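> Supplied in structure tokens, the structure appears directly below.
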Amino acid sequence: MATNFTMPQLGLTMTEGTVGKWFKQLGEKVAAGEILAEISTDKITNQIEAPVDGTLLAVLVPEGGVAPVKAVLAVIGAPGEQIDPALQEVAAAPAEAAAVPAAQAVSHIQSAAGDGRIIASPLAKKLAKDKGLDLALVTGTGPGGRIVEKDILDFAARRAAAPKATPLAAKLAAEHGVSLAAIAKEDRIMAGDILAAVPAPVPIAAVPLSGIRKVISDRMALSWQTTPHVHNTVEVDMLEATSLKDKLAKLGTKLSFTELIVKCTAKALGEFPMVNNAFVDGGLVVNQAINIGIAVALDNGLIVPVVRNADRKTLAELRAEIAELAAKARQGKLLPDDYSGGTFTISNLGMYGVDHFTPIINPPESAIFGVCRTVPRPVVIDGAVVIRPMMNLCLGYNHRIIDGALAGKFMARVRELLEQPMLLL
């Protein structure tokens, strides 16, 4: 007896899934326990095993098709074995029929097959049997949805008056508002004819990504899918940093928070080298140099030029190098050495008024700082409420090699250096 291979429920909240790949072709032998299909939900992707030995007799949902939980995806049985006619009809539907309507048809088959008991009066059951009608295709109007004699008679009358169509085709036509009379076909109308007649949604033209935007897309998707991100945020009192900046300005020396953050981060990375390391091909890569990438926004995306040996440079040297790299980035004049070899990245959105964000790690690095705006806020110091320039600093890190305790210590040290910049001396 043929066995239905159905959409599994891979989680308590899963209602539908997508067939990502079939590992067997129609007519191929299948062994119980052998991987048959790859199923994806909005959260996970799993490879599903075949439940029995046999031959793949029918594939009802193609790759890329969406189907509800428990819907029949394929049928396994003996070579040449007959399968349920309704399932065979969907399997034989035209290839141009869209995947989603096809999955809907499978869903209707499931409800028509009646996983639960169909409630009908004895007379209705007898009439249905005499007329060769499938009770699962009849809508009951009696108490509690019970199918009564009138429902059978009305269904039979509609069927006799309508053009020749299979029961499933008739039901799909009613549900999708397709007129059977409008389908020009001399022989019997099939479910595939109905699905082909359902107006297709107007597609939205997609512009393929290219150039730097595509590179960013690919790298960020890879990072998010393969790296277990964790984010920690701390508040930093920037009073002393602001004071230092103002004092230097009076002496004719310009200083921005960016180079100060880079300097404090570089010093902390030297004290906590694990945060400066990388995770490549399942292993730890120990970085000897501290090379900090500074994210620079461009009109068509983002690029991250790298300040090499940032821990060895003064604030003035950092300021000059960061300004030079940012200018080259905006002019499109960066060389490969200017944006490769980073060990840690800093992304600053403070100038855009951002109070909090969760940056994505730039692989193969293991951590990234998200810098937010500095804004006056009320804080409690020594029991008194005072106004201080406060900044949120968010660390995104790879939990494979950086634990929460290490991340906390690293952030505490960076905060300490920013709040007491004289410690850099």
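We name chains A, B, ... following the order of the structure tokens; residues begin at 1 in each chain, and ligands are numbered from 1 as shown.
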So that I can check the secondary structure, give me every residue of range 224-269 of chain A assigned strand (DSSP E) by backbone DSSP, as a list in words.
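Filtering range 224-269 of chain A to strand (DSSP E) leaves His229, Val230, His231, Asn232, Thr233, Val234, Glu235, Val236 and Asp237 of chain A.
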> From the list A:Glu16, A:Ser40, A:Ala2, A:Ala174, which residue is nearest Leu56 in chain A when using only C-alpha atoms?
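Closest to Leu56 in chain A, using only C-alpha atoms: A:Ala2.
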> Env of range 119-125 of chain A: 6 Å cut, atoms = only C-alpha atoms, seq-sep filter 6 positions within chain, self excluded. Answer as a list in words.
Arg146, Ile147, Val148 and Glu149 of chain A
> In Å, rounded to a single decimal, give me how far CA of Ile322 in chain A is from CA of Val236 in chain A.
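These two atoms are separated by 22.7 Å.
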> Residues near Leu260 in chain A, anyone? I mean within 10 Å using only C-alpha atoms, not counting same-chain ones fewer than 6 positions away, as an NGL selection string.
:A and (241 or 245 or 266 or 314-316 or 318-319 or 417-418 or 421 or 424)
> Rank A:Pro364, A:Gly270, A:Pro378, A:Gly293 by their smallest atom-to-atom distance to Leu222 in chain A, using only C-alpha atoms, and report the top residue only.
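The answer is A:Pro364, which sits nearest to Leu222 in chain A.
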> Just want the 7 Å neighbourhood of Ala169 in chain A, counted on only C-alpha atoms, with same-chain residues fewer than 4 positions away dropped. Output as a ChimeraX atom specification.
/A:165,173,189-191,194
